[in-house]
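Shown here: start.txt, compact mmCIF, C-alpha atoms and all ligand atoms.
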# COMPACT_ATOMS: atom_id res chain seq x y z
CA MET Y 1 -29.43 18.14 0.66
CA THR Y 2 -28.23 19.25 4.05
CA ARG Y 3 -28.06 23.02 3.75
CA GLN Y 4 -25.46 23.11 6.46
CA LEU Y 5 -23.01 21.09 4.35
CA ILE Y 6 -20.65 23.51 2.65
CA PRO Y 7 -20.96 23.52 -1.16
CA SER Y 8 -17.50 22.06 -1.81
CA ARG Y 9 -18.45 18.93 0.18
CA ARG Y 10 -21.76 18.13 -1.51
CA ALA Y 11 -20.90 16.10 -4.57
CA PHE Y 12 -19.09 13.00 -3.35
CA PRO Y 13 -20.17 9.49 -4.35
CA ALA Y 14 -22.31 7.89 -1.64
CA ASP Y 15 -20.01 4.89 -1.34
CA ASP Y 16 -16.34 4.20 -1.97
CA PRO Y 17 -16.35 2.82 -5.55
CA ILE Y 18 -14.40 -0.34 -4.62
CA PHE Y 19 -16.63 -1.11 -1.66
CA ALA Y 20 -19.67 -0.48 -3.89
CA LEU Y 21 -18.42 -2.97 -6.50
CA ASN Y 22 -17.73 -5.53 -3.80
CA ALA Y 23 -21.21 -5.03 -2.34
CA GLU Y 24 -22.77 -5.55 -5.79
CA ALA Y 25 -20.73 -8.74 -6.31
CA GLN Y 26 -21.81 -10.09 -2.94
CA ALA Y 27 -25.47 -9.19 -3.50
CA ARG Y 28 -25.51 -11.02 -6.84
CA ARG Y 29 -23.76 -14.03 -5.32
CA SER Y 30 -26.30 -14.18 -2.50
CA ARG Y 31 -29.04 -14.30 -5.16
CA GLY Y 32 -27.48 -17.55 -6.40
CA GLU Y 33 -25.35 -16.27 -9.28
CA SER Y 34 -21.87 -17.69 -9.85
CA ILE Y 35 -19.61 -14.70 -9.21
CA LEU Y 36 -15.86 -14.27 -9.50
CA ASN Y 37 -15.15 -11.40 -7.11
CA ALA Y 38 -11.64 -10.02 -7.68
CA THR Y 39 -12.45 -6.63 -6.09
CA VAL Y 40 -11.66 -7.65 -2.52
CA GLY Y 41 -8.65 -5.97 -0.90
CA ALA Y 42 -8.13 -8.37 1.99
CA LEU Y 43 -6.58 -11.81 1.95
CA LEU Y 44 -9.14 -14.60 1.66
CA ASP Y 45 -8.52 -18.33 1.76
CA ASP Y 46 -9.77 -20.62 -0.98
CA SER Y 47 -13.15 -20.98 0.73
CA GLY Y 48 -13.62 -17.21 0.74
CA GLN Y 49 -12.96 -16.73 4.46
CA LEU Y 50 -10.88 -13.83 5.71
CA VAL Y 51 -7.37 -15.01 6.57
CA VAL Y 52 -6.51 -14.07 10.15
CA LEU Y 53 -2.97 -15.00 11.13
CA GLU Y 54 -3.13 -17.35 14.12
CA SER Y 55 0.21 -16.30 15.55
CA VAL Y 56 -1.08 -12.72 15.74
CA MET Y 57 -4.47 -13.65 17.17
CA ASP Y 58 -2.83 -15.72 19.92
CA LEU Y 59 -0.82 -12.65 20.96
CA TRP Y 60 -3.97 -10.53 20.78
CA HIS Y 61 -5.86 -12.84 23.11
CA ASP Y 62 -3.02 -12.68 25.63
CA LEU Y 63 -3.16 -8.89 25.94
CA GLY Y 64 -3.98 -7.71 29.45
CA ALA Y 65 -6.20 -4.80 30.50
CA LEU Y 66 -3.30 -2.39 30.85
CA GLU Y 67 -2.10 -3.22 27.34
CA VAL Y 68 -5.48 -2.28 25.89
CA ALA Y 69 -7.28 0.33 27.97
CA PRO Y 70 -4.87 3.22 28.65
CA TYR Y 71 -4.09 5.94 26.14
CA ALA Y 72 -0.94 5.32 24.19
CA PRO Y 73 1.45 8.29 24.08
CA ILE Y 74 0.37 10.88 21.49
CA ALA Y 75 3.19 10.03 19.09
CA GLY Y 76 2.93 6.33 19.89
CA ASP Y 77 4.90 4.15 22.26
CA PRO Y 78 8.61 4.77 21.50
CA ALA Y 79 9.37 1.06 22.03
CA PHE Y 80 6.64 0.16 19.51
CA LEU Y 81 8.04 2.61 16.96
CA LYS Y 82 11.53 1.19 17.36
CA ALA Y 83 10.27 -2.40 17.14
CA LEU Y 84 8.26 -1.67 13.99
CA VAL Y 85 11.18 0.06 12.28
CA LYS Y 86 13.45 -2.82 13.25
CA ARG Y 87 11.09 -5.30 11.62
CA HIS Y 88 11.81 -3.49 8.37
CA TRP Y 89 15.45 -2.48 8.96
CA PRO Y 90 16.81 -4.82 11.64
CA GLY Y 91 20.17 -3.04 11.66
CA LEU Y 92 18.78 0.30 12.82
CA GLY Y 93 19.02 1.32 16.45
CA SER Y 94 16.36 4.03 16.41
CA ALA Y 95 13.05 4.91 14.77
CA GLY Y 96 14.32 8.48 14.25
CA ALA Y 97 11.54 11.04 13.91
CA ALA Y 98 8.41 8.89 14.05
CA CYS Y 99 4.87 8.52 15.28
CA ALA Y 100 2.17 5.89 15.43
CA THR Y 101 -0.65 6.29 12.91
CA PRO Y 102 -3.98 4.59 12.20
CA GLY Y 103 -2.61 2.19 9.57
CA GLY Y 104 -0.52 3.21 6.62
CA SER Y 105 -3.34 5.55 5.62
CA GLY Y 106 -2.64 7.73 8.63
CA ALA Y 107 1.06 7.79 7.79
CA ILE Y 108 0.44 8.77 4.17
CA SER Y 109 -2.04 11.47 5.06
CA LEU Y 110 0.24 12.88 7.71
CA SER Y 111 3.16 13.07 5.26
CA MET Y 112 0.99 15.11 2.91
CA ARG Y 113 0.25 17.59 5.66
CA ASN Y 114 3.85 18.09 6.70
CA PHE Y 115 5.90 18.12 3.52
CA LEU Y 116 3.72 20.15 1.15
CA GLU Y 117 1.84 23.42 1.40
CA ALA Y 118 -1.88 23.47 0.57
CA GLY Y 119 -2.43 23.69 -3.18
CA GLN Y 120 0.81 21.86 -4.01
CA LYS Y 121 1.12 18.50 -5.74
CA VAL Y 122 2.14 15.15 -4.39
CA LEU Y 123 3.96 12.81 -6.77
CA THR Y 124 3.27 9.10 -7.06
CA THR Y 125 3.27 6.36 -9.66
CA ALA Y 126 0.65 5.55 -12.27
CA PRO Y 127 -1.10 3.29 -11.49
CA PHE Y 128 -1.52 3.98 -7.77
CA TRP Y 129 -3.74 3.02 -4.85
CA GLY Y 130 -6.82 5.23 -5.41
CA PRO Y 131 -7.13 6.61 -1.85
CA TYR Y 132 -3.81 8.46 -2.36
CA ALA Y 133 -5.84 10.89 -4.48
CA THR Y 134 -8.63 11.07 -1.88
CA MET Y 135 -6.13 11.81 0.87
CA ALA Y 136 -4.43 14.42 -1.28
CA ALA Y 137 -7.78 16.13 -1.87
CA GLU Y 138 -8.66 16.00 1.83
CA ASN Y 139 -5.34 17.69 2.55
CA GLY Y 140 -5.92 20.40 -0.06
CA LEU Y 141 -3.40 18.93 -2.50
CA ASP Y 142 -3.39 17.68 -6.06
CA LEU Y 143 -1.76 14.47 -7.17
CA VAL Y 144 0.48 13.96 -10.19
CA THR Y 145 2.05 10.78 -11.46
CA ALA Y 146 5.03 9.35 -13.24
CA PRO Y 147 4.78 5.92 -14.86
CA TRP Y 148 5.40 2.71 -12.95
CA PRO Y 149 7.37 0.46 -15.32
CA ALA Y 150 5.37 -2.05 -17.36
CA ALA Y 151 6.24 -5.71 -16.86
CA LEU Y 152 9.71 -6.50 -18.23
CA ALA Y 153 10.21 -2.86 -19.29
CA PRO Y 154 12.62 -0.38 -17.69
CA LEU Y 155 11.63 2.70 -15.71
CA ASP Y 156 10.94 5.68 -17.95
CA ALA Y 157 13.74 7.82 -16.51
CA ALA Y 158 12.96 10.76 -18.80
CA ALA Y 159 9.34 10.91 -17.60
CA TRP Y 160 10.46 10.79 -13.97
CA GLU Y 161 13.05 13.49 -14.53
CA GLU Y 162 10.41 15.63 -16.22
CA ALA Y 163 7.97 15.11 -13.32
CA LEU Y 164 10.60 16.00 -10.72
CA GLN Y 165 11.80 19.06 -12.61
CA SER Y 166 8.30 20.31 -13.21
CA LEU Y 167 7.41 20.05 -9.50
CA LEU Y 168 10.66 21.66 -8.42
CA LYS Y 169 9.98 24.52 -10.78
CA GLN Y 170 6.36 24.95 -9.66
CA GLN Y 171 6.66 24.42 -5.92
CA GLY Y 172 10.34 24.07 -5.03
CA ARG Y 173 9.85 20.78 -3.21
CA VAL Y 174 8.75 17.20 -3.84
CA LEU Y 175 6.94 14.56 -1.82
CA LEU Y 176 7.11 11.20 -3.59
CA LEU Y 177 4.87 8.37 -2.39
CA LEU Y 178 6.46 5.15 -3.58
CA ASN Y 179 4.67 1.89 -2.90
CA ASP Y 180 7.77 -0.25 -3.34
CA PRO Y 181 8.53 -3.13 -2.92
CA CYS Y 182 5.28 -5.03 -3.70
CA HIS Y 183 3.40 -2.31 -5.52
CA ASN Y 184 -0.38 -2.07 -5.49
CA PRO Y 185 -1.82 -2.56 -8.09
CA SER Y 186 0.88 -3.81 -10.49
CA GLY Y 187 2.00 -6.66 -8.21
CA ARG Y 188 5.62 -5.96 -9.08
CA SER Y 189 8.54 -4.24 -7.37
CA LEU Y 190 11.06 -1.94 -8.98
CA SER Y 191 13.99 -3.90 -10.38
CA ALA Y 192 17.38 -3.26 -8.79
CA SER Y 193 18.45 -1.16 -11.77
CA ASP Y 194 15.20 0.85 -11.91
CA ARG Y 195 15.60 1.58 -8.22
CA GLN Y 196 19.15 2.82 -8.76
CA VAL Y 197 17.99 5.06 -11.60
CA LEU Y 198 15.17 6.53 -9.53
CA MET Y 199 17.34 7.03 -6.46
CA GLU Y 200 19.94 8.82 -8.57
CA LEU Y 201 17.27 11.14 -9.99
CA LEU Y 202 16.11 11.91 -6.46
CA ARG Y 203 19.67 12.54 -5.26
CA ARG Y 204 20.25 14.98 -8.10
CA ALA Y 205 16.90 16.69 -7.57
CA SER Y 206 17.74 17.16 -3.89
CA ALA Y 207 20.34 19.74 -4.91
CA GLN Y 208 17.46 21.90 -6.20
CA GLY Y 209 14.99 21.64 -3.33
CA PRO Y 210 13.84 19.49 -0.42
CA ILE Y 211 12.85 15.98 -1.54
CA THR Y 212 10.92 13.56 0.66
CA LEU Y 213 10.62 9.92 -0.33
CA LEU Y 214 7.87 8.16 1.59
CA LEU Y 215 8.04 4.41 1.02
CA ASP Y 216 4.69 2.71 1.42
CA PHE Y 217 5.37 -0.77 2.80
CA ALA Y 218 1.74 -1.97 2.92
CA TYR Y 219 2.42 -5.35 1.26
CA LEU Y 220 6.08 -5.97 2.02
CA ASP Y 221 5.52 -9.28 3.80
CA TYR Y 222 3.81 -10.94 0.85
CA THR Y 223 6.44 -11.55 -1.76
CA LYS Y 224 7.78 -14.20 -4.07
CA GLU Y 225 11.25 -12.66 -3.79
CA PRO Y 226 12.26 -12.13 -0.14
CA ALA Y 227 15.92 -11.67 -1.14
CA ALA Y 228 15.06 -8.91 -3.62
CA VAL Y 229 12.95 -7.17 -0.95
CA LEU Y 230 15.91 -7.25 1.44
CA GLU Y 231 18.12 -5.79 -1.27
CA ALA Y 232 15.61 -2.98 -1.88
CA MET Y 233 15.46 -2.24 1.83
CA ALA Y 234 19.25 -2.01 1.96
CA ASP Y 235 19.30 0.38 -1.01
CA TYR Y 236 16.66 2.64 0.49
CA ALA Y 237 18.50 2.58 3.82
CA ALA Y 238 21.68 3.69 2.06
CA LEU Y 239 19.79 6.56 0.41
CA GLY Y 240 18.32 7.58 3.77
CA ALA Y 241 21.67 7.42 5.55
CA GLU Y 242 23.23 9.77 2.98
CA GLY Y 243 20.90 12.47 4.27
CA ARG Y 244 20.31 14.31 1.00
CA VAL Y 245 16.82 12.91 0.40
CA LEU Y 246 14.57 12.61 3.46
CA VAL Y 247 13.64 8.92 3.40
CA GLY Y 248 10.73 7.69 5.47
CA ALA Y 249 8.40 4.74 5.62
CA SER Y 250 4.70 4.23 6.00
CA MET Y 251 4.33 0.97 7.89
CA SER Y 252 1.14 -0.87 8.68
CA LEU Y 253 -0.06 -3.86 10.65
CA SER Y 254 -3.14 -4.16 8.42
CA LYS Y 255 -1.90 -6.69 5.87
CA SER Y 256 1.36 -7.79 7.47
CA MET Y 257 -0.43 -8.99 10.61
CA THR Y 258 -3.99 -9.20 9.21
CA LEU Y 259 -4.94 -6.52 11.78
CA TYR Y 260 -6.85 -4.36 9.28
CA GLY Y 261 -9.41 -3.37 11.89
CA GLY Y 262 -6.78 -2.74 14.56
CA ARG Y 263 -5.89 0.45 12.65
CA CYS Y 264 -2.24 0.53 13.54
CA GLY Y 265 0.87 1.62 11.75
CA ALA Y 266 3.53 4.28 11.87
CA ILE Y 267 5.41 6.85 9.90
CA ALA Y 268 9.14 6.92 10.58
CA PHE Y 269 12.16 8.79 9.27
CA PRO Y 270 14.82 6.58 10.79
CA TRP Y 271 17.74 8.68 9.57
CA SER Y 272 16.40 11.94 10.98
CA GLY Y 273 17.01 13.08 14.52
CA ASP Y 274 15.50 16.50 13.86
CA PRO Y 275 13.41 17.59 16.87
CA ALA Y 276 11.42 19.99 14.64
CA LEU Y 277 10.35 17.10 12.39
CA GLN Y 278 9.40 15.04 15.44
CA ALA Y 279 7.43 17.96 16.88
CA ALA Y 280 5.58 18.50 13.60
CA LEU Y 281 4.58 14.83 13.41
CA THR Y 282 3.43 14.82 17.03
CA GLN Y 283 1.42 18.01 16.45
CA SER Y 284 -0.34 16.38 13.48
CA CYS Y 285 -1.23 13.37 15.62
CA ARG Y 286 -2.69 15.57 18.36
CA GLY Y 287 -4.59 17.62 15.83
CA THR Y 288 -6.17 14.70 14.00
CA TRP Y 289 -6.60 11.49 16.00
CA SER Y 290 -4.97 12.47 19.31
CA ASN Y 291 -3.67 9.00 20.12
CA CYS Y 292 -3.68 5.73 18.21
CA ALA Y 293 -4.99 2.42 19.51
CA LYS Y 294 -2.83 0.97 22.26
CA ALA Y 295 -3.60 -2.74 21.84
CA PRO Y 296 -1.81 -3.34 18.51
CA GLN Y 297 1.22 -1.41 19.74
CA ALA Y 298 1.32 -3.63 22.83
CA LEU Y 299 0.92 -6.68 20.60
CA LEU Y 300 3.98 -5.74 18.58
CA LEU Y 301 5.99 -5.39 21.78
CA ARG Y 302 4.93 -8.88 22.83
CA LEU Y 303 5.90 -10.18 19.41
CA GLU Y 304 9.32 -8.54 19.67
CA LYS Y 305 10.06 -10.47 22.86
CA ASP Y 306 8.68 -13.81 21.63
CA GLY Y 307 10.98 -15.66 19.24
CA LYS Y 308 8.50 -18.53 18.84
CA ALA Y 309 5.68 -16.19 17.83
CA GLN Y 310 8.02 -14.47 15.37
CA ALA Y 311 8.88 -17.79 13.75
CA ARG Y 312 5.18 -18.76 13.55
CA LEU Y 313 4.30 -15.39 12.00
CA ALA Y 314 7.11 -15.67 9.46
CA ALA Y 315 5.91 -19.17 8.52
CA GLU Y 316 2.33 -17.95 8.10
CA GLN Y 317 3.44 -15.02 5.94
CA ARG Y 318 5.55 -17.42 3.85
CA HIS Y 319 2.58 -19.75 3.43
CA TRP Y 320 0.26 -16.98 2.25
CA SER Y 321 2.94 -15.56 -0.03
CA ASP Y 322 3.14 -19.01 -1.62
CA VAL Y 323 -0.65 -19.07 -2.01
CA LEU Y 324 -0.57 -15.66 -3.72
CA ALA Y 325 2.29 -16.85 -5.94
CA ALA Y 326 0.27 -19.91 -6.97
CA ARG Y 327 -2.76 -17.74 -7.79
CA ALA Y 328 -0.57 -15.36 -9.82
CA LEU Y 329 1.00 -18.23 -11.73
CA ALA Y 330 -2.41 -19.74 -12.48
CA LEU Y 331 -3.57 -16.36 -13.78
CA ASP Y 332 -0.51 -15.94 -16.00
CA GLU Y 333 -0.99 -19.44 -17.39
CA ALA Y 334 -4.67 -18.82 -18.03
CA LEU Y 335 -3.95 -15.49 -19.74
CA ALA Y 336 -1.27 -17.17 -21.90
CA ALA Y 337 -3.75 -19.91 -22.83
CA GLU Y 338 -6.03 -17.15 -24.14
CA GLY Y 339 -3.19 -15.48 -26.04
CA MET Y 340 -2.74 -12.61 -23.59
CA ALA Y 341 0.37 -11.25 -21.91
CA ALA Y 342 1.51 -12.53 -18.51
CA LEU Y 343 1.50 -10.12 -15.53
CA HIS Y 344 4.70 -11.30 -13.74
CA TRP Y 345 3.52 -10.82 -10.16
CA THR Y 346 6.27 -10.72 -7.56
CA GLY Y 347 4.47 -9.34 -4.50
CA GLY Y 348 1.43 -7.79 -2.86
CA PHE Y 349 -2.27 -8.54 -3.10
CA PHE Y 350 -3.02 -7.36 -6.65
CA VAL Y 351 -2.13 -7.40 -10.31
CA CYS Y 352 -3.25 -4.97 -12.98
CA VAL Y 353 -4.30 -6.03 -16.47
CA ALA Y 354 -3.70 -3.20 -18.92
CA VAL Y 355 -6.74 -2.70 -21.18
CA ALA Y 356 -8.11 0.16 -23.24
CA ASP Y 357 -11.30 1.68 -21.78
CA PRO Y 358 -11.15 -0.13 -18.41
CA GLU Y 359 -14.57 1.16 -17.29
CA ALA Y 360 -16.30 -0.41 -20.29
CA VAL Y 361 -14.34 -3.67 -20.01
CA CYS Y 362 -15.14 -3.84 -16.30
CA GLU Y 363 -18.86 -3.32 -16.99
CA ARG Y 364 -18.94 -6.01 -19.66
CA MET Y 365 -17.09 -8.48 -17.41
CA LYS Y 366 -19.51 -7.69 -14.61
CA GLY Y 367 -22.26 -8.71 -17.02
CA GLU Y 368 -20.64 -12.16 -17.05
CA GLY Y 369 -20.29 -12.27 -13.27
CA VAL Y 370 -16.58 -11.35 -13.12
CA PHE Y 371 -15.86 -8.35 -10.88
CA THR Y 372 -12.66 -6.30 -11.06
CA VAL Y 373 -11.82 -2.69 -10.20
CA PRO Y 374 -11.38 -0.32 -13.15
CA LEU Y 375 -8.39 2.01 -12.92
CA PRO Y 376 -7.30 4.50 -15.58
CA GLU Y 377 -4.56 2.06 -16.69
CA GLY Y 378 -6.50 -1.19 -16.61
CA LEU Y 379 -8.30 -3.65 -14.38
CA ARG Y 380 -7.17 -4.24 -10.82
CA VAL Y 381 -7.44 -7.92 -9.98
CA GLY Y 382 -7.30 -8.94 -6.33
CA LEU Y 383 -5.25 -12.11 -6.19
CA CYS Y 384 -5.88 -11.91 -2.47
CA GLY Y 385 -9.55 -12.69 -2.94
CA MET Y 386 -9.67 -15.17 -5.82
CA ARG Y 387 -8.81 -18.84 -6.10
CA ALA Y 388 -6.24 -20.22 -8.54
CA ALA Y 389 -9.04 -22.39 -9.95
CA GLU Y 390 -10.93 -19.26 -10.98
CA ALA Y 391 -8.08 -18.03 -13.21
CA PRO Y 392 -9.29 -19.76 -16.42
CA ARG Y 393 -12.76 -18.21 -16.05
CA PHE Y 394 -11.21 -14.81 -15.55
CA ALA Y 395 -8.97 -15.10 -18.63
CA GLN Y 396 -11.71 -16.54 -20.84
CA THR Y 397 -14.16 -13.82 -19.85
CA LEU Y 398 -11.57 -11.13 -20.46
CA ARG Y 399 -10.72 -12.49 -23.88
CA ARG Y 400 -14.39 -12.73 -24.86
CA VAL Y 401 -14.99 -9.18 -23.72
CA LEU Y 402 -11.92 -7.83 -25.49
CA THR Y 403 -12.53 -9.76 -28.73
CA PRO Y 404 -16.26 -10.25 -28.93
C1 LIG Y 501 -0.84 0.72 -1.36
C2 LIG Y 501 -1.51 0.84 -0.04
N1 LIG Y 501 -0.99 1.66 0.87
C3 LIG Y 501 -1.55 1.83 2.06
C4 LIG Y 501 -2.69 1.15 2.41
C5 LIG Y 501 -3.24 1.48 3.76
O1 LIG Y 501 -3.84 0.53 4.49
P1 LIG Y 501 -3.99 0.71 6.05
O2 LIG Y 501 -4.36 2.11 6.33
O3 LIG Y 501 -5.03 -0.25 6.46
O4 LIG Y 501 -2.63 0.39 6.62
C6 LIG Y 501 -3.29 0.27 1.51
C7 LIG Y 501 -4.53 -0.44 1.83
O5 LIG Y 501 -5.17 -1.06 1.05
C8 LIG Y 501 -2.68 0.12 0.24
O6 LIG Y 501 -3.19 -0.70 -0.69
Turn the structure described in the file into structure tokens.
Ligand SMILES: Cc1ncc(COP(=O)(O)O)c(C=O)c1O
Amino acid sequence: MTRQLIPSRRAFPADDPIFALNAEAQARRSRGESILNATVGALLDDSGQLVVLESVMDLWHDLGALEVAPYAPIAGDPAFLKALVKRHWPGLGSAGAACATPGGSGAISLSMRNFLEAGQKVLTTAPFWGPYATMAAENGLDLVTAPWPAALAPLDAAAWEEALQSLLKQQGRVLLLLNDPCHNPSGRSLSASDRQVLMELLRRASAQGPITLLLDFAYLDYTKEPAAVLEAMADYAALGAEGRVLVGASMSLSKSMTLYGGRCGAIAFPWSGDPALQAALTQSCRGTWSNCAKAPQALLLRLEKDGKAQARLAAEQRHWSDVLAARALALDEALAAEGMAALHWTGGFFVCVAVADPEAVCERMKGEGVFTVPLPEGLRVGLCGMRAAEAPRFAQTLRRVLTP
């Protein structure tokens, strides 16, 4: 044990649990075992290769020295911020208060630092993307949840109201991280009516204290329901424009452009022109990563000016959304064939199978060569990394493990 390491930093797991599971799956596969690895969090094709969008890579290869080497402005290139916001809300003329971040992770972490005091609690959904809790801890915060609706069930408005009221009472303010549309890990978006219910709760809560809604758009471009996503974006824009709830977005090029390693994204509050908010965001950038990578920002600016590249990118995203939809359908059919409930995926890279004692179920499935990620609510299954043809094996193994 390194004596110099302060006591509160000495007891972390050596490896991120998801990366550790993935490493174990790969090691067993390389020893010749037949492995179904549904732990992966990046999009793979049916031969197991990482999908890299060609339209994006062509733009990347065209970047010149001055689009790569110089520092980007501390808060990010203003033209990049505007272009990224316009990809999500084409009608908007400004990014508002915004800054570039290393992926969506940077945006999420930065929101935690600016909208809550140390020791307070951030609100998100259960289930949620695990690193939300890690980031909360790193920022001296706790994390509390309200339930994400189960498939075909409505939002539990009473539980959400209770969560909001409890936080308002304890800390007088709320930061809600909402990974909608295309939620990880449920693979579903809020229905139009659930969204209305939640937005109304937030509006009402905003009379009692400052409410920030940070929408996490990590998977927005991979959906079975593009029209429903557009509708959601319009609803959130309307909420933001009202000005009662501070609405912002965490945007990322990781999945949308398969630029995971480019580490680029942004946080933006398009309906805020508050210089103090802008100054706080810029200060956080300077105090953590200084400046973000320039190349992906330059790439987005090239994309913005290139209609042909935009059309190619949209076609590639459509194609991979269709592949994910086919994998989700195969999984639902395989689960039904084993007498289990369908998952009703509509977007994103994952689905979550609700089971009792997920850790034990995950271990037993691992014993049969099927790797998933255990969450408190169930098993996270990466549709992004499995083939449709593997669905029957997954469902059969799960049924065997659940009903030995
Ligand atoms: C729900 C969710 N939000 C945000 C992210 C952040 O990814 P990145 O920092 O690469 O943009 C991820 C990545 O897996 C995610 O699943």
Using the file's own x, y and z axes, so that the box edges lie along x, y and z, what centre and edge lengths in Å (one decimal) does a box around every listed atom of ligand LIG 501 (chain Y) get when 3 Å is added on each side? Give it as JSON.
{"center_x": -3.0, "center_y": 0.5, "center_z": 2.6, "size_x": 10.3, "size_y": 9.2, "size_z": 14.0}
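Closest approach to ligand LIG 501 (chain Y) among Y:Ala205, Y:Ile267, Y:Ala341, Y:Leu53: Y:Ile267, based on only C-alpha atoms and all ligand atoms.
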Selection within 10 Å of ligand LIG 501 (chain Y) by all atoms listed in the file, output as an MDAnalysis selection string = chainID Y and resid 40:42 101:109 128:132 177:180 182:185 215:219 250:256 258:266 348:350
Atom CA of Pro181 of chain Y and atom CA of Val361 of chain Y, how far apart in Å?
->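 Rounded to one decimal, the two atoms are 28.6 Å apart.
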Any idea what's packed within 12 Å of Lys305 of chain Y, counting all atoms listed in the file, ignoring anything in its chain fewer than 5 positions away? Could you give it as number ranges by chain?
-> Y: 59, 79-80, 83, 298-300, 310-311
Restricting the output to C-alpha atoms, write the selected residues as a PDB file, in the coordinates of the input.
ATOM      1  CA  LEU Y  59      -0.820 -12.650  20.960  1.00  0.00           C
ATOM      2  CA  ALA Y  79       9.370   1.060  22.030  1.00  0.00           C
ATOM      3  CA  PHE Y  80       6.640   0.160  19.510  1.00  0.00           C
ATOM      4  CA  ALA Y  83      10.270  -2.400  17.140  1.00  0.00           C
ATOM      5  CA  ALA Y 298       1.320  -3.630  22.830  1.00  0.00           C
ATOM      6  CA  LEU Y 299       0.920  -6.680  20.600  1.00  0.00           C
ATOM      7  CA  LEU Y 300       3.980  -5.740  18.580  1.00  0.00           C
ATOM      8  CA  GLN Y 310       8.020 -14.470  15.370  1.00  0.00           C
ATOM      9  CA  ALA Y 311       8.880 -17.790  13.750  1.00  0.00           C
TER      10      ALA Y 311
END
Within 8 Å of Leu379 of chain Y, counting only C-alpha atoms, which residues qualify if same-chain residues fewer than 6 places away don't, as a list in words?
-> Cys352, Val353, Ala354, Val355, Pro358, Cys362, Thr372 and Val373 of chain Y
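We find atom CA of Asp194 of chain Y and atom CA of Ala325 of chain Y to be spaced 22.7 Å apart.
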Can you take the partial segment 40-54 of chain Y, add N, CA and C atoms, and return it as a tab-separated table (two decimals), in the frame of the given file?
chain	number	residue	atom	x	y	z
Y	40	VAL	N	-11.95	-7.67	-3.95
Y	40	VAL	CA	-11.66	-7.65	-2.52
Y	40	VAL	C	-10.21	-7.22	-2.27
Y	41	GLY	N	-10.00	-6.45	-1.21
Y	41	GLY	CA	-8.65	-5.97	-0.90
Y	41	GLY	C	-8.05	-6.60	0.33
Y	42	ALA	N	-8.68	-7.66	0.82
Y	42	ALA	CA	-8.13	-8.37	1.99
Y	42	ALA	C	-7.86	-9.81	1.58
Y	43	LEU	N	-6.98	-10.45	2.32
Y	43	LEU	CA	-6.58	-11.81	1.95
Y	43	LEU	C	-7.66	-12.82	2.37
Y	44	LEU	N	-8.14	-13.57	1.39
Y	44	LEU	CA	-9.14	-14.60	1.66
Y	44	LEU	C	-8.54	-15.96	1.36
Y	45	ASP	N	-8.97	-16.98	2.08
Y	45	ASP	CA	-8.52	-18.33	1.76
Y	45	ASP	C	-9.36	-18.87	0.60
Y	46	ASP	N	-9.09	-20.11	0.21
Y	46	ASP	CA	-9.77	-20.62	-0.98
Y	46	ASP	C	-11.25	-20.89	-0.76
Y	47	SER	N	-11.71	-20.83	0.52
Y	47	SER	CA	-13.15	-20.98	0.73
Y	47	SER	C	-13.81	-19.61	0.90
Y	48	GLY	N	-13.03	-18.55	0.68
Y	48	GLY	CA	-13.62	-17.21	0.74
Y	48	GLY	C	-13.63	-16.59	2.12
Y	49	GLN	N	-13.01	-17.28	3.10
Y	49	GLN	CA	-12.96	-16.73	4.46
Y	49	GLN	C	-11.78	-15.79	4.62
Y	50	LEU	N	-11.98	-14.75	5.42
Y	50	LEU	CA	-10.88	-13.83	5.71
Y	50	LEU	C	-9.75	-14.57	6.40
Y	51	VAL	N	-8.52	-14.40	5.91
Y	51	VAL	CA	-7.37	-15.01	6.57
Y	51	VAL	C	-7.00	-14.15	7.77
Y	52	VAL	N	-6.96	-14.76	8.94
Y	52	VAL	CA	-6.51	-14.07	10.15
Y	52	VAL	C	-5.33	-14.87	10.69
Y	53	LEU	N	-4.17	-14.26	10.75
Y	53	LEU	CA	-2.97	-15.00	11.13
Y	53	LEU	C	-3.08	-15.47	12.58
Y	54	GLU	N	-2.91	-16.78	12.78
Y	54	GLU	CA	-3.13	-17.35	14.12
Y	54	GLU	C	-2.09	-16.88	15.11
